[in-house]
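See structure below.
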Amino acid sequence: MHFSTLEFATKSNKMKNLKHIFNSLLNKIRPIFSGHYIAIAGLIGFSFFLLVAILAPWIAPQNPYDLMVLDIMDGLLPPLSKLGNGTTAWLGTDALGRDILSAVMYGLRLSLFVAFVAVSIGTTIGVILGLLAAVKGGWVETIIMRAVDLKVSFPGILLALMMLAIFGTGVDKIIYALIIGVWASKARLTRSQALSEMQKEYIDAARISGIPNWRIMVRFLLPNSIAPVLVMVPMALSGAIGAEATLSFLGVGVPITEPSLGLLIANGNDYILSGKWWISIIPGLVLVSLVLCINVVADRIREYNNPYLKSKDQ
Amino acid sequence: MKTTPLLEIKNLTVTYPYGPQGKDELKALDQIFINLSEGQISGIVGESGAGKSTIGKAILGLLDPPANLVSGEIRFRGNSLVGLSEAQFESLRGNQIGYIYQNPMTALNPVLTIGEQVIEAIEANTNMRGKNAQAYAIQLLKRAEVSFAEDRLQKYPHQLSGGLCQRIVFAIAIAAKPKLIIADEPTTALDVTVQKSVLQTLIKLSKEEQIAIILITHDIGVIAETCDYVYVLRNGKHVEQDTTNNVLQRPTQDYTKSLMASVPIIEKRLHRFPLSEEAKLKDASTGLHYLQEKQSTQDSTHESLLEVHNLSKIFITPSSLLKAKQLFTAVKDVSFNVMRGETVGIVGESGSGKTTIGRMILGLEDITDGRVIYRGKDLKELVDSAERRAHCLSMQCIFQDPYSSLNPRMTAGENITYGLRVHKMINPDKAKSLAQDLMALVGLPSEDAEKLPHAFSGGERQRIGIARALSYRPDFIFCDEPTSALDVSVQANLLNLLKDLQEKFSLTLLFVSHDLAVIRQMCDSVIVMKEGEALEKGSNKDIFESPQHNYTKSLLNSMPKFNRIDLI
């Protein structure tokens, strides 16, 4: 009896903690979006796409990866047609008889997964390198920053194509290619932020107190220079989604058995002139609205964090 | 016939929205009255947040939203200025009312020559063009006492000193023969030796051209030097107004009295600033145990704690594609001793190398040449890492800028004890109570240790910085202009605190400041520096009462002098 009440107490405490964290998060987000209806619409749209992507295996009418359920007889049906097995293909089917709705759900899942992984790894690498360059200086800085210069002097898509030509295609390969595209700008931004933070006296205070460099990096520089980088993350996300779609469309991205949005568009490309518009247009619309939603949200976050724009805005 | 005053302000109230939803109002100005006749110089004095600058902006219609002019009348030569259109204000600004900004370097356009800027102002406000305008520009510069006026017209702002730039701003301000100039902290960005002559120019211009001036400043010395009449403001409210002499010598209000008592004086050294009881610190006895543990192991015989031998610092800008290698000598062959328990002051203008010396002593800057012997040892000769750490940690620093000297992402308490925890010099569960004790010791509520730095004012942050320095139980603290960013009353409190702490823990201080009066109050002996060289060394009394070097004399001369009531 005694124990169970104790257990209950800690549990409710944990709940309270979670609630507290949730509330404080909400309080942080609320001023960013309050009154900005387009940004709210973007946030709602993005959340919807995210939810669909996460739940795709449970809510999709068909598993498009499972070739056993596909029936060639159902191929190239327009939206709202009945399939052989009696279900309705709300958004039509492609040449293999694949349900477009399901394919888009799975494609969304893959596109978002690839972009999320690439951007988070790329940003982490960029931030770490940027901090190292700022703190270490000397040859470490030279190597890192020249590598950044080298990267940004090539068009991103060209670099990605080269990568994929060398390593071949596949979900993991395209993630590597996108990471290459993401890290450099983050490293440069982090370095410039960290350099201006390092001019401040609390860094001197830490150095006088003999606090080791890595601790200064983690506890002093990182939390104080990360904000502008985080503001860039949503933009990078929509950029990565677009880049992945481009590469897949060109046929060097994800394998044909696991179609992403870009590959779906490419698949429908051959049929678009024969009036089978839905195969390309529907995944295209989803891609455009996803990127638009993220961009609207990203724009608002950037605006909120820019004091110059803010003062005009109020 | 009754003459109308040049400028008449009645009942001026300006508010800002405040609070989370902006529903509350903050009164930046609350029922302010000002009267100014032609050619008169009036001062508006007050500490930060007093609303001084808001008055100037309100007169010129420069109040930015969300500031809101709620009520009141502003009459300039009998005409109301409230509710004028932007176009009407534009014809007034520069033409009839001039404005002088705090920082001359940013008030001038860096990509235009001085001549272009002065002539632009002339062409905008008069009918003169071409050669006439050029000639008038030279004449204006001469009136503003700019030497080599003809040559200066070709120069860019960055090629001139701050004092010269401010004179050029004056010249631009008087181009249209305005009747009124609003000068917002015109000398705050300048060195003392320059300040005096710039103020004299301002007075001369006012007399010759019959220009009335509203001088907005936090510096009572500047008021004493220039103004006929003073308004004292506090938190947007009118406190006192009278002739300058009366306000300085016979203040009637408590606030003015305590303000006067906070101004450090140069005539004699006081034991403590004579602050009223409420302003004094509560004597916190907590935290003493921890800090005094070390004191018992210390012998306080009269010996030198720190010896600086022939210290030099040369900054090297490495050669690049377009520029050759550049050397800049920041410190030239400086030697001095600091005795245990003593306070040594280094005084000098900006760029004199005073901070660089401290940074070299603390090991933040490499030493180009010379030796620093601390507690009988040179850091370079210490091999044992524990010994090195103890050596370094017993030297601490109090920084200049309270707004950048604390890690904004750590609470006050974490800021204070983070280093101790990293070095495992304290049990993590005791860190919290130590932070609270140290907070109480420096006169802050101990429960505030949980707050983040942005919740504190400048003076409070500086106290947190002191607590952080004390946490290492240092012998020696380098104070790098610790009060230059603070209001006088806050400064007086902080300096008293430093003296108290020094007595309690027999601290040795090296105190750097550009303010002679602060040095006079704080230091036992003084080093006067200019351009990296130590020009004169001596005891407090010697330097201030019988200075030998001409530069020291000129520094002392340029200090604003004023008689004030003997509160001591």
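Every chain in the structure tokens has a letter given in the order shown (A, B, ...), and although residue numbers restart at 1 in each chain, ligands are simply numbered from 1 in the order shown.
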
- Task: Please provide as a PyMOL selection string all residues within 8 Å of segment 312-328 of chain B, with the sequence filter that same-chain residues fewer than 3 positions apart are discarded (counting only C-alpha atoms).
- Result: chain B and resi 331-334+356+366-370

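Neighbours of Ala206 of chain A closer than or equal to 10 Å, with only C-alpha atoms counted and sequence neighbours fewer than 2 positions away skipped, come out as Glu201, Tyr202, Ile203, Asp204, Ile208, Ser209, Gly210, Ile211, Pro212, Asn213, Arg215, Ile216 and Phe220 of chain A; Ser405, Leu406, Asn407, Asn415, Tyr418 and Gly419 of chain B.
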
- Message: I need the residues of segment 390-481 of chain B that end up classed as strand (DSSP E or B) by DSSP on the backbone, written out as number ranges by chain.
- Response: B: 395-398, 476-480

Limited to C-alpha atoms, could you put the picked residues into a file as a tab-separated table (two decimals), in the first residue's frame?
```tsv
chain	number	residue	atom	x	y	z
B	395	MET	CA	44.02	35.66	-9.72
B	396	GLN	CA	40.51	36.68	-10.71
B	397	CYS	CA	38.92	39.44	-12.74
B	398	ILE	CA	35.90	41.71	-12.55
B	476	PHE	CA	44.32	39.14	-6.29
B	477	ILE	CA	41.51	40.65	-8.34
B	478	PHE	CA	41.98	42.63	-11.52
B	479	CYS	CA	39.15	45.16	-11.80
B	480	ASP	CA	38.80	46.22	-15.43
```

- Message: as a count of residues only, please: every residue in segment 212-283 of chain A that DSSP puts in alpha helix (DSSP H).
- Response: 45

- Message: Report as a list in words all protein, DNA and RNA residues lying within 9 Å of Gly92 of chain A, evaluated on only C-alpha atoms, omitting residues in the same chain fewer than 3 positions from it.
- Response: Gly75, Leu76, Leu77, Pro78, Pro79, Leu80, Ser81, Thr88, Ala89, Gly97, Arg98, Asp99, Ile100, Leu101, Trp278 and Ile279 of chain A

- Message: Using only C-alpha atoms, which protein or nucleic acid residues come within 10 Å of Glu258 of chain A? Drop anything in the same chain fewer than 5 positions from it, and give the result as a ChimeraX atom specification.
- Response: /A:64-65,103,106-107,110,170-171,263-264

Can you spit out the residues from that selection as a PDB file, in the first residue's frame, using C-alpha atoms?
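selection.pdb was written with the following content:
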```pdb
ATOM      1  CA  PRO A  64       2.810  -0.232 -52.439  1.00  0.00           C
ATOM      2  CA  TYR A  65       6.115  -2.008 -51.662  1.00  0.00           C
ATOM      3  CA  ALA A 103       2.134   5.408 -52.957  1.00  0.00           C
ATOM      4  CA  TYR A 106       4.695   6.019 -48.479  1.00  0.00           C
ATOM      5  CA  GLY A 107       6.543   8.445 -50.714  1.00  0.00           C
ATOM      6  CA  LEU A 110      10.400   8.308 -47.346  1.00  0.00           C
ATOM      7  CA  GLY A 170      20.055   3.930 -52.482  1.00  0.00           C
ATOM      8  CA  VAL A 171      18.359   5.591 -49.527  1.00  0.00           C
ATOM      9  CA  LEU A 263      10.332   9.162 -58.189  1.00  0.00           C
ATOM     10  CA  LEU A 264       6.529   9.002 -58.329  1.00  0.00           C
TER      11      LEU A 264
END
```

- Show me which bits of chain B are within 10 Å of chain A, counting only C-alpha atoms, as a ChimeraX atom specification. /B:65-66,359,362-364,388-390,392-410,415,418-423,465,468-469,472

Please produce a file of those selected residues containing N, CA and C atoms, as a short mmCIF file (atom, residue, chain, number, x, y, z; two decimals), in the first residue's frame.
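Generated output (out-v7.cif):
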```cif
data_model
loop_
_atom_site.label_atom_id
_atom_site.label_comp_id
_atom_site.auth_asym_id
_atom_site.auth_seq_id
_atom_site.Cartn_x
_atom_site.Cartn_y
_atom_site.Cartn_z
N PRO B 65 6.96 54.64 -32.56
CA PRO B 65 5.98 53.78 -31.96
C PRO B 65 6.71 52.54 -31.40
N PRO B 66 6.29 51.95 -30.30
CA PRO B 66 5.02 52.13 -29.62
C PRO B 66 4.98 53.27 -28.61
N ARG B 359 45.29 41.89 -18.73
CA ARG B 359 45.04 40.63 -19.45
C ARG B 359 46.32 39.79 -19.54
N LEU B 362 46.77 38.13 -16.14
CA LEU B 362 45.85 37.02 -15.96
C LEU B 362 46.13 35.86 -16.91
N GLY B 363 47.00 36.07 -17.89
CA GLY B 363 47.31 35.01 -18.83
C GLY B 363 46.34 34.93 -19.99
N LEU B 364 45.51 35.95 -20.17
CA LEU B 364 44.57 35.95 -21.29
C LEU B 364 45.25 36.40 -22.57
N ARG B 388 50.02 25.08 -10.98
CA ARG B 388 49.65 26.08 -12.01
C ARG B 388 48.21 26.53 -11.84
N ARG B 389 47.36 25.52 -11.60
CA ARG B 389 45.94 25.85 -11.48
C ARG B 389 45.69 26.75 -10.26
N ALA B 390 46.30 26.40 -9.14
CA ALA B 390 46.13 27.21 -7.93
C ALA B 390 46.65 28.62 -8.16
N CYS B 392 46.83 30.23 -11.03
CA CYS B 392 45.93 30.98 -11.92
C CYS B 392 44.60 31.32 -11.24
N LEU B 393 44.06 30.35 -10.49
CA LEU B 393 42.73 30.58 -9.91
C LEU B 393 42.76 31.64 -8.82
N SER B 394 43.91 31.85 -8.20
CA SER B 394 43.92 32.86 -7.14
C SER B 394 44.04 34.28 -7.72
N MET B 395 44.13 34.35 -9.05
CA MET B 395 44.02 35.66 -9.72
C MET B 395 42.67 35.69 -10.42
N GLN B 396 41.83 36.61 -10.08
CA GLN B 396 40.51 36.68 -10.71
C GLN B 396 40.29 38.05 -11.34
N CYS B 397 39.16 38.19 -12.01
CA CYS B 397 38.92 39.44 -12.74
C CYS B 397 37.46 39.87 -12.58
N ILE B 398 37.26 41.16 -12.47
CA ILE B 398 35.90 41.71 -12.55
C ILE B 398 35.87 42.52 -13.85
N PHE B 399 34.91 42.20 -14.71
CA PHE B 399 34.96 42.72 -16.07
C PHE B 399 34.21 44.04 -16.22
N GLN B 400 34.43 44.63 -17.38
CA GLN B 400 33.88 45.96 -17.63
C GLN B 400 32.40 45.94 -17.95
N ASP B 401 32.02 45.04 -18.86
CA ASP B 401 30.66 45.11 -19.39
C ASP B 401 29.76 44.10 -18.70
N PRO B 402 28.90 44.57 -17.81
CA PRO B 402 28.07 43.62 -17.07
C PRO B 402 27.14 42.83 -17.98
N TYR B 403 26.88 43.38 -19.18
CA TYR B 403 25.93 42.70 -20.05
C TYR B 403 26.56 41.57 -20.85
N SER B 404 27.88 41.46 -20.86
CA SER B 404 28.46 40.34 -21.58
C SER B 404 29.35 39.49 -20.69
N SER B 405 29.43 39.80 -19.40
CA SER B 405 30.39 39.06 -18.59
C SER B 405 29.79 37.84 -17.90
N LEU B 406 28.49 37.61 -18.10
CA LEU B 406 27.89 36.40 -17.54
C LEU B 406 27.36 35.54 -18.69
N ASN B 407 27.44 34.23 -18.53
CA ASN B 407 26.89 33.33 -19.54
C ASN B 407 25.36 33.43 -19.49
N PRO B 408 24.75 33.95 -20.57
CA PRO B 408 23.30 34.19 -20.51
C PRO B 408 22.47 32.93 -20.39
N ARG B 409 23.06 31.77 -20.67
CA ARG B 409 22.28 30.52 -20.60
C ARG B 409 22.48 29.77 -19.30
N MET B 410 23.18 30.37 -18.33
CA MET B 410 23.30 29.73 -17.02
C MET B 410 22.65 30.63 -15.99
N ASN B 415 26.53 30.36 -12.89
CA ASN B 415 27.62 31.22 -13.31
C ASN B 415 28.68 31.34 -12.22
N TYR B 418 30.19 27.44 -11.45
CA TYR B 418 30.47 26.47 -12.51
C TYR B 418 31.95 26.03 -12.51
N GLY B 419 32.83 27.00 -12.40
CA GLY B 419 34.26 26.68 -12.42
C GLY B 419 34.65 25.77 -11.26
N LEU B 420 34.13 26.06 -10.08
CA LEU B 420 34.44 25.24 -8.91
C LEU B 420 34.01 23.80 -9.14
N ARG B 421 32.84 23.63 -9.76
CA ARG B 421 32.33 22.29 -9.99
C ARG B 421 33.18 21.56 -11.04
N VAL B 422 33.60 22.32 -12.07
CA VAL B 422 34.44 21.70 -13.09
C VAL B 422 35.75 21.19 -12.48
N HIS B 423 36.31 21.99 -11.59
CA HIS B 423 37.58 21.59 -10.98
C HIS B 423 37.38 20.66 -9.79
N GLY B 465 29.16 39.06 -10.93
CA GLY B 465 30.53 38.90 -11.41
C GLY B 465 31.53 38.91 -10.26
N ARG B 468 31.33 35.63 -8.47
CA ARG B 468 32.03 34.58 -9.21
C ARG B 468 33.53 34.66 -8.96
N ALA B 469 34.07 35.89 -8.98
CA ALA B 469 35.50 36.05 -8.72
C ALA B 469 35.85 35.57 -7.31
N TYR B 472 36.52 31.64 -5.97
CA TYR B 472 37.80 30.92 -6.02
C TYR B 472 38.71 31.29 -4.85
#
```

- Distance in Å - atom CA of Pro157 of chain B versus atom CA of Leu190 of chain B: 15.0 Å

- Note on the structure: Judged by only C-alpha atoms, the minimum distance to Lys10 of chain B among B:Ser53, B:Ser71, B:Asn103, B:Asn127 is found for B:Ser71

- Could you tell me how far atom CA of Ser197 of chain B lies from atom CA of Gly98 of chain B, in Å and to one decimal?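 Result for atom CA of Ser197 of chain B versus atom CA of Gly98 of chain B: 20.3 Å, one decimal.
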
- Compile the contact shell of Ser111 of chain A as a ChimeraX atom specification: residues with an atom at most 12 Å away, counting only C-alpha atoms, same-chain residues fewer than 6 positions apart removed. /A:49-50,53-54,103-105,117-118,171,174-175,178,237-248,253-254,258-264,283,286-287,290-291

Store the residues picked out above, limited to C-alpha atoms, as an mmCIF file, in the first residue's frame.
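Result saved to selection.cif:
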```cif
data_model
loop_
_atom_site.group_PDB
_atom_site.id
_atom_site.type_symbol
_atom_site.label_atom_id
_atom_site.label_comp_id
_atom_site.auth_asym_id
_atom_site.auth_seq_id
_atom_site.Cartn_x
_atom_site.Cartn_y
_atom_site.Cartn_z
ATOM 1 C CA PHE A 49 1.757 15.680 -43.681
ATOM 2 C CA LEU A 50 4.012 14.569 -40.836
ATOM 3 C CA ALA A 53 3.915 10.051 -43.142
ATOM 4 C CA ILE A 54 4.334 8.519 -39.694
ATOM 5 C CA ALA A 103 2.134 5.408 -52.957
ATOM 6 C CA VAL A 104 1.976 9.123 -52.067
ATOM 7 C CA MET A 105 1.665 8.305 -48.348
ATOM 8 C CA VAL A 117 17.937 12.418 -41.127
ATOM 9 C CA ALA A 118 20.117 14.339 -43.576
ATOM 10 C CA VAL A 171 18.359 5.591 -49.527
ATOM 11 C CA ILE A 174 21.127 9.920 -50.989
ATOM 12 C CA ILE A 175 21.251 10.778 -47.285
ATOM 13 C CA LEU A 178 22.198 15.575 -48.812
ATOM 14 C CA LEU A 237 14.532 20.777 -44.415
ATOM 15 C CA SER A 238 12.440 22.052 -47.322
ATOM 16 C CA GLY A 239 15.622 22.432 -49.352
ATOM 17 C CA ALA A 240 16.573 18.826 -48.661
ATOM 18 C CA ILE A 241 13.089 17.577 -49.575
ATOM 19 C CA GLY A 242 13.335 19.456 -52.860
ATOM 20 C CA ALA A 243 16.863 18.203 -53.540
ATOM 21 C CA GLU A 244 15.885 14.611 -52.834
ATOM 22 C CA ALA A 245 12.877 14.921 -55.154
ATOM 23 C CA THR A 246 15.111 16.342 -57.877
ATOM 24 C CA LEU A 247 17.648 13.550 -57.582
ATOM 25 C CA SER A 248 14.966 10.859 -57.499
ATOM 26 C CA GLY A 253 17.992 8.832 -55.962
ATOM 27 C CA VAL A 254 15.974 6.218 -54.166
ATOM 28 C CA GLU A 258 10.793 2.298 -52.678
ATOM 29 C CA PRO A 259 9.378 5.306 -54.483
ATOM 30 C CA SER A 260 9.663 8.747 -52.932
ATOM 31 C CA LEU A 261 7.618 11.726 -54.132
ATOM 32 C CA GLY A 262 10.239 12.655 -56.743
ATOM 33 C CA LEU A 263 10.332 9.162 -58.189
ATOM 34 C CA LEU A 264 6.529 9.002 -58.329
ATOM 35 C CA PRO A 283 2.509 13.533 -55.915
ATOM 36 C CA VAL A 286 1.737 17.010 -52.356
ATOM 37 C CA LEU A 287 5.415 17.877 -52.762
ATOM 38 C CA LEU A 290 4.673 20.226 -48.224
ATOM 39 C CA VAL A 291 7.555 22.510 -49.194
#
```

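Here atom CA of Met105 of chain B and atom CA of Gly162 of chain B stand 6.5 Å from one another.
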